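Here is the file input_36.cif (mmCIF, C-alpha atoms).
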data_data
#
loop_
_atom_site.label_atom_id
_atom_site.label_comp_id
_atom_site.auth_asym_id
_atom_site.auth_seq_id
_atom_site.Cartn_x
_atom_site.Cartn_y
_atom_site.Cartn_z
CA MET A 1 183.99 -119.97 108.46
CA PRO A 2 180.38 -119.92 107.37
CA ASN A 3 180.40 -116.30 106.16
CA LEU A 4 183.61 -116.36 104.10
CA LYS A 5 182.83 -115.04 100.61
CA THR A 6 186.28 -114.22 99.24
CA LEU A 7 189.38 -116.37 99.46
CA GLU A 8 192.64 -114.75 98.46
CA LEU A 9 195.72 -116.95 98.41
CA ARG A 10 198.80 -114.90 97.58
CA ASP A 11 202.36 -116.21 97.70
CA VAL A 12 201.49 -118.96 100.16
CA ARG A 13 202.75 -122.50 100.54
CA ILE A 14 199.69 -124.69 100.77
CA ALA A 15 199.88 -128.27 101.94
CA ASP A 16 198.11 -130.92 99.88
CA GLU A 17 195.78 -131.56 102.81
CA PHE A 18 194.26 -128.11 102.34
CA PHE A 19 192.97 -129.06 98.89
CA ALA A 20 191.63 -132.39 100.14
CA ALA A 21 189.76 -130.60 102.94
CA LEU A 22 188.50 -128.00 100.49
CA ALA A 23 187.07 -130.73 98.28
CA GLU A 24 185.30 -132.31 101.26
CA SER A 25 183.62 -129.06 102.32
CA ALA A 26 183.11 -127.43 98.90
CA SER A 27 179.40 -128.13 98.50
CA GLY A 28 178.68 -126.20 101.70
CA ALA A 29 181.03 -123.32 100.99
CA ARG A 30 179.65 -119.83 100.55
CA LEU A 31 182.69 -118.60 98.67
CA GLU A 32 181.87 -116.29 95.79
CA SER A 33 185.42 -115.51 94.69
CA ILE A 34 188.78 -117.27 94.73
CA GLU A 35 191.93 -115.38 93.83
CA HIS A 36 194.98 -117.65 93.89
CA ILE A 37 198.23 -115.92 93.01
CA ARG A 38 201.62 -117.62 93.02
CA GLY A 39 202.59 -120.51 95.16
CA ARG A 40 204.47 -123.76 95.15
CA ASN A 41 203.77 -126.58 92.71
CA ILE A 42 200.53 -128.34 93.52
CA SER A 43 200.77 -132.14 93.37
CA ALA A 44 198.65 -134.26 91.05
CA ASP A 45 196.28 -135.40 93.81
CA ALA A 46 195.93 -131.89 95.24
CA SER A 47 195.36 -130.43 91.76
CA GLN A 48 192.61 -132.96 91.18
CA ALA A 49 190.99 -132.12 94.54
CA TYR A 50 191.28 -128.39 93.76
CA ALA A 51 189.43 -128.70 90.45
CA THR A 52 186.75 -130.91 91.98
CA SER A 53 186.17 -128.45 94.82
CA ILE A 54 186.00 -125.44 92.49
CA CYS A 55 183.24 -127.12 90.50
CA ALA A 56 181.32 -128.17 93.61
CA MET A 57 181.08 -124.71 95.20
CA PRO A 58 177.49 -123.56 94.69
CA ASN A 59 178.12 -119.81 95.10
CA LEU A 60 181.46 -119.41 93.34
CA LYS A 61 181.16 -116.68 90.70
CA THR A 62 184.77 -115.75 89.89
CA LEU A 63 187.99 -117.69 89.80
CA GLU A 64 191.46 -116.28 89.20
CA LEU A 65 194.55 -118.46 88.93
CA THR A 66 197.76 -116.50 88.39
CA ASP A 67 201.12 -118.25 88.27
CA VAL A 68 199.67 -121.23 90.10
CA ARG A 69 201.59 -124.39 89.20
CA ILE A 70 198.79 -126.92 88.86
CA ALA A 71 199.36 -130.43 87.58
CA ASP A 72 197.70 -131.76 84.42
CA GLU A 73 195.33 -133.77 86.64
CA PHE A 74 193.62 -130.47 87.46
CA PHE A 75 192.34 -130.22 83.89
CA ALA A 76 191.16 -133.84 83.74
CA ALA A 77 189.23 -133.38 87.00
CA LEU A 78 187.89 -130.05 85.76
CA ALA A 79 186.52 -131.74 82.64
CA GLU A 80 184.86 -134.46 84.74
CA SER A 81 183.23 -131.97 87.11
CA ALA A 82 182.61 -129.01 84.78
CA SER A 83 178.88 -129.51 84.37
CA GLY A 84 178.48 -128.78 88.09
CA ALA A 85 180.55 -125.59 88.04
CA ARG A 86 178.68 -122.41 88.87
CA PHE A 87 181.32 -119.76 88.27
CA GLU A 88 180.69 -117.20 85.53
CA SER A 89 184.11 -115.63 85.09
CA GLY A 90 187.55 -117.16 85.03
CA THR A 91 191.06 -115.80 84.65
CA HIS A 92 194.06 -118.04 84.06
CA ARG A 93 197.48 -116.43 83.85
CA CYS A 94 200.57 -118.57 83.85
CA GLY A 95 204.08 -118.09 82.62
CA GLY A 96 204.96 -121.63 83.69
CA PRO A 97 205.32 -124.92 81.89
CA SER A 98 203.18 -125.96 78.96
CA ILE A 99 199.95 -127.80 79.52
CA SER A 100 200.16 -131.24 77.90
CA ALA A 101 198.09 -132.19 74.85
CA ASP A 102 195.68 -134.36 76.88
CA ALA A 103 195.28 -131.71 79.57
CA SER A 104 194.76 -129.00 76.93
CA GLN A 105 192.00 -131.07 75.36
CA ALA A 106 190.37 -131.63 78.77
CA TYR A 107 190.64 -127.90 79.49
CA ALA A 108 188.77 -126.99 76.30
CA THR A 109 186.12 -129.61 76.98
CA SER A 110 185.57 -128.27 80.49
CA ILE A 111 185.22 -124.70 79.22
CA CYS A 112 182.49 -125.80 76.84
CA THR A 113 180.53 -127.80 79.41
CA MET A 114 180.46 -125.26 82.25
CA PRO A 115 176.85 -124.10 82.31
CA ASN A 116 177.44 -120.60 83.69
CA LEU A 117 180.86 -119.64 82.33
CA LYS A 118 180.50 -116.45 80.30
CA THR A 119 183.99 -114.96 80.21
CA LEU A 120 187.43 -116.51 80.28
CA GLU A 121 190.75 -114.71 80.16
CA LEU A 122 193.80 -116.76 79.20
CA ARG A 123 197.13 -114.93 79.51
CA ASP A 124 200.52 -116.53 78.94
CA VAL A 125 199.00 -119.99 79.22
CA LYS A 126 201.01 -122.41 77.11
CA ILE A 127 198.40 -124.75 75.69
CA ALA A 128 198.79 -127.42 73.03
CA ASP A 129 197.08 -127.30 69.64
CA GLU A 130 194.66 -129.96 70.89
CA PHE A 131 193.04 -127.24 73.00
CA PHE A 132 191.84 -125.42 69.89
CA ALA A 133 190.70 -128.60 68.15
CA ALA A 134 188.67 -129.64 71.20
CA LEU A 135 187.31 -126.12 71.60
CA ALA A 136 186.12 -126.11 68.00
CA GLU A 137 184.58 -129.55 68.39
CA SER A 138 182.62 -128.64 71.54
CA ALA A 139 181.90 -124.99 70.77
CA LYS A 140 178.22 -125.56 69.98
CA GLU A 141 177.61 -126.54 73.60
CA ALA A 142 179.53 -123.63 75.10
CA ARG A 143 177.83 -120.71 76.81
CA VAL A 144 181.01 -118.66 76.85
CA SER A 145 180.55 -115.31 75.13
CA HIS A 146 184.06 -113.92 75.57
CA ILE A 147 187.52 -115.50 75.58
CA ALA A 148 190.51 -113.17 75.73
#

Could you take the file, read its structure, and then write that structure out as structure tokens?
Amino acid sequence: MPNLKTLELRDVRIADEFFAALAESASGARLESIEHIRGRNISADASQAYATSICAMPNLKTLELTDVRIADEFFAALAESASGARFESGTHRCGGPSISADASQAYATSICTMPNLKTLELRDVKIADEFFAALAESAKEARVSHIA
């Protein structure tokens, strides 16, 4: 689908293979917006592929994850790929399980190394204290102007 600009995933069961395929085709995607709302737990490998693909999409401007059960590997992969991310606005809402200390630290690091990220909304995201320590440590590099 060469002209697809918006991807909305709402209450869908997505197989792990979808995320692997997304990672393979991400650099050629024309997606400008991903809105992913509710779904089944995403495995560690699929979470890693998801984060990698998000950061590789050259036209992605907005990302919304709401009640998406991603594994901690998502945040580690996000930190590794963050410097290539092009999106400017992110929303993460989750009433689910807590993000581990290591994943929270990786999350903060990724936020600070994304070159175009300007706004981030975190709602009901259960993050460890390490998130704030890592955020403070890397804040000088961040381009984010608004975190809610």

### Message
Take the PyMOL selection byres ((chain A and resi 95) around 8), run it mentally on this structure, and tell me the resulting residues as an MDAnalysis selection string.
### Response
chainID A and resid 67 93:94 96:97 124:126

### Query
How would you write, as a list in words, the residues chosen by the PyMOL selection byres ((chain A and resi 44) around 12) on this structure?
Asp16, Phe19, Ala20, Asn41, Ile42, Ser43, Asp45, Ala46, Ser47, Gln48, Ala49, Tyr50, Ala51, Arg69, Ile70, Ala71, Asp72, Glu73, Phe74, Phe75, Ala76 and Ala77 of chain A

For C-alpha atoms, I'd like the residues from the last selection saved as a PDB file, in the frame of the given file.
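What landed in result.pdb:
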ATOM      1  CA  ASP A  16     198.110-130.920  99.880  1.00  0.00           C
ATOM      2  CA  PHE A  19     192.970-129.060  98.890  1.00  0.00           C
ATOM      3  CA  ALA A  20     191.630-132.390 100.140  1.00  0.00           C
ATOM      4  CA  ASN A  41     203.770-126.580  92.710  1.00  0.00           C
ATOM      5  CA  ILE A  42     200.530-128.340  93.520  1.00  0.00           C
ATOM      6  CA  SER A  43     200.770-132.140  93.370  1.00  0.00           C
ATOM      7  CA  ASP A  45     196.280-135.400  93.810  1.00  0.00           C
ATOM      8  CA  ALA A  46     195.930-131.890  95.240  1.00  0.00           C
ATOM      9  CA  SER A  47     195.360-130.430  91.760  1.00  0.00           C
ATOM     10  CA  GLN A  48     192.610-132.960  91.180  1.00  0.00           C
ATOM     11  CA  ALA A  49     190.990-132.120  94.540  1.00  0.00           C
ATOM     12  CA  TYR A  50     191.280-128.390  93.760  1.00  0.00           C
ATOM     13  CA  ALA A  51     189.430-128.700  90.450  1.00  0.00           C
ATOM     14  CA  ARG A  69     201.590-124.390  89.200  1.00  0.00           C
ATOM     15  CA  ILE A  70     198.790-126.920  88.860  1.00  0.00           C
ATOM     16  CA  ALA A  71     199.360-130.430  87.580  1.00  0.00           C
ATOM     17  CA  ASP A  72     197.700-131.760  84.420  1.00  0.00           C
ATOM     18  CA  GLU A  73     195.330-133.770  86.640  1.00  0.00           C
ATOM     19  CA  PHE A  74     193.620-130.470  87.460  1.00  0.00           C
ATOM     20  CA  PHE A  75     192.340-130.220  83.890  1.00  0.00           C
ATOM     21  CA  ALA A  76     191.160-133.840  83.740  1.00  0.00           C
ATOM     22  CA  ALA A  77     189.230-133.380  87.000  1.00  0.00           C
TER      23      ALA A  77
END

Leaving out Ile111 in chain A and any residue of its chain fewer than 6 positions from it, which residues lie within 8 Å of it when counting all atoms listed in the file, given as a compact mmCIF listing (two decimals) with C-alpha atoms, keeping the file's coordinate frame?
# COMPACT_ATOMS: atom_id res chain seq x y z
CA ALA A 79 186.52 -131.74 82.64
CA ALA A 82 182.61 -129.01 84.78
CA LEU A 117 180.86 -119.64 82.33
CA ALA A 142 179.53 -123.63 75.10
CA VAL A 144 181.01 -118.66 76.85

### Summary
For Ile34 in chain A, the closest of A:Met57, A:Leu135, A:Ile147, A:Cys112 counting all atoms listed in the file is A:Met57

### Query
For this file, the PyMOL selection byres ((chain A and resi 3-15) around 6) selects which residues, as a ChimeraX atom specification?
/A:1-2,16-18,30-40

What box, with edges along x, y and z, holds each listed atom of range 122-129 of chain A when 6 Å is added on every side, and can you state its centre and edge lengths in Å to one decimal, as AutoDock Vina command-line options?
--center_x 197.4 --center_y -121.2 --center_z 74.6 --size_x 19.2 --size_y 24.5 --size_z 21.9

### Message
Please report the interatomic distance between CA of Gly84 in chain A and CA of Ser53 in chain A in Å with one decimal.
### Response
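About the pair CA of Gly84 in chain A and CA of Ser53 in chain A: they are 10.2 Å apart.
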
Excluding same-chain residues fewer than 3 positions from Arg143 in chain A, what lies within 9 Å of it counting only C-alpha atoms, as a PDB file with C-alpha atoms, in the coordinates of the input?
ATOM      1  CA  ILE A 111     185.220-124.700  79.220  1.00  0.00           C
ATOM      2  CA  CYS A 112     182.490-125.800  76.840  1.00  0.00           C
ATOM      3  CA  THR A 113     180.530-127.800  79.410  1.00  0.00           C
ATOM      4  CA  MET A 114     180.460-125.260  82.250  1.00  0.00           C
ATOM      5  CA  PRO A 115     176.850-124.100  82.310  1.00  0.00           C
ATOM      6  CA  ASN A 116     177.440-120.600  83.690  1.00  0.00           C
ATOM      7  CA  LEU A 117     180.860-119.640  82.330  1.00  0.00           C
ATOM      8  CA  LYS A 118     180.500-116.450  80.300  1.00  0.00           C
ATOM      9  CA  ALA A 139     181.900-124.990  70.770  1.00  0.00           C
ATOM     10  CA  LYS A 140     178.220-125.560  69.980  1.00  0.00           C
TER      11      LYS A 140
END

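Restricting the calculation to all atoms listed in the file, the smallest distance between Leu122 in chain A and any of A:Ala134, A:Thr109, A:Ala101, A:Glu64 is found for A:Glu64.
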
### For Ala56 in chain A: contacts at 10 Å, only C-alpha atoms, fewer than 3 positions along chain excluded, given as a list in words
Leu22, Ala23, Glu24, Ser25, Ala26, Ser27, Gly28, Ala29, Tyr50, Ala51, Thr52, Ser53, Asn59, Leu60, Ser81, Ala82, Ser83, Gly84, Ala85, Arg86 and Phe87 of chain A

### Task
Have a look at CA of Thr91 in chain A and CA of Ser145 in chain A and let me know their distance in Å, one decimal.
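CA of Ser145 in chain A lies at a distance of 14.2 Å from CA of Thr91 in chain A.
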
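Between CA of Ser104 in chain A and CA of Ala136 in chain A lies a distance of 12.8 Å.
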
### Message
Which residue is closest to Ser89 in chain A? Choose from A:Ala21, A:Leu120, A:Ala128, A:Ala148 and count all atoms listed in the file.
### Response
A:Leu120
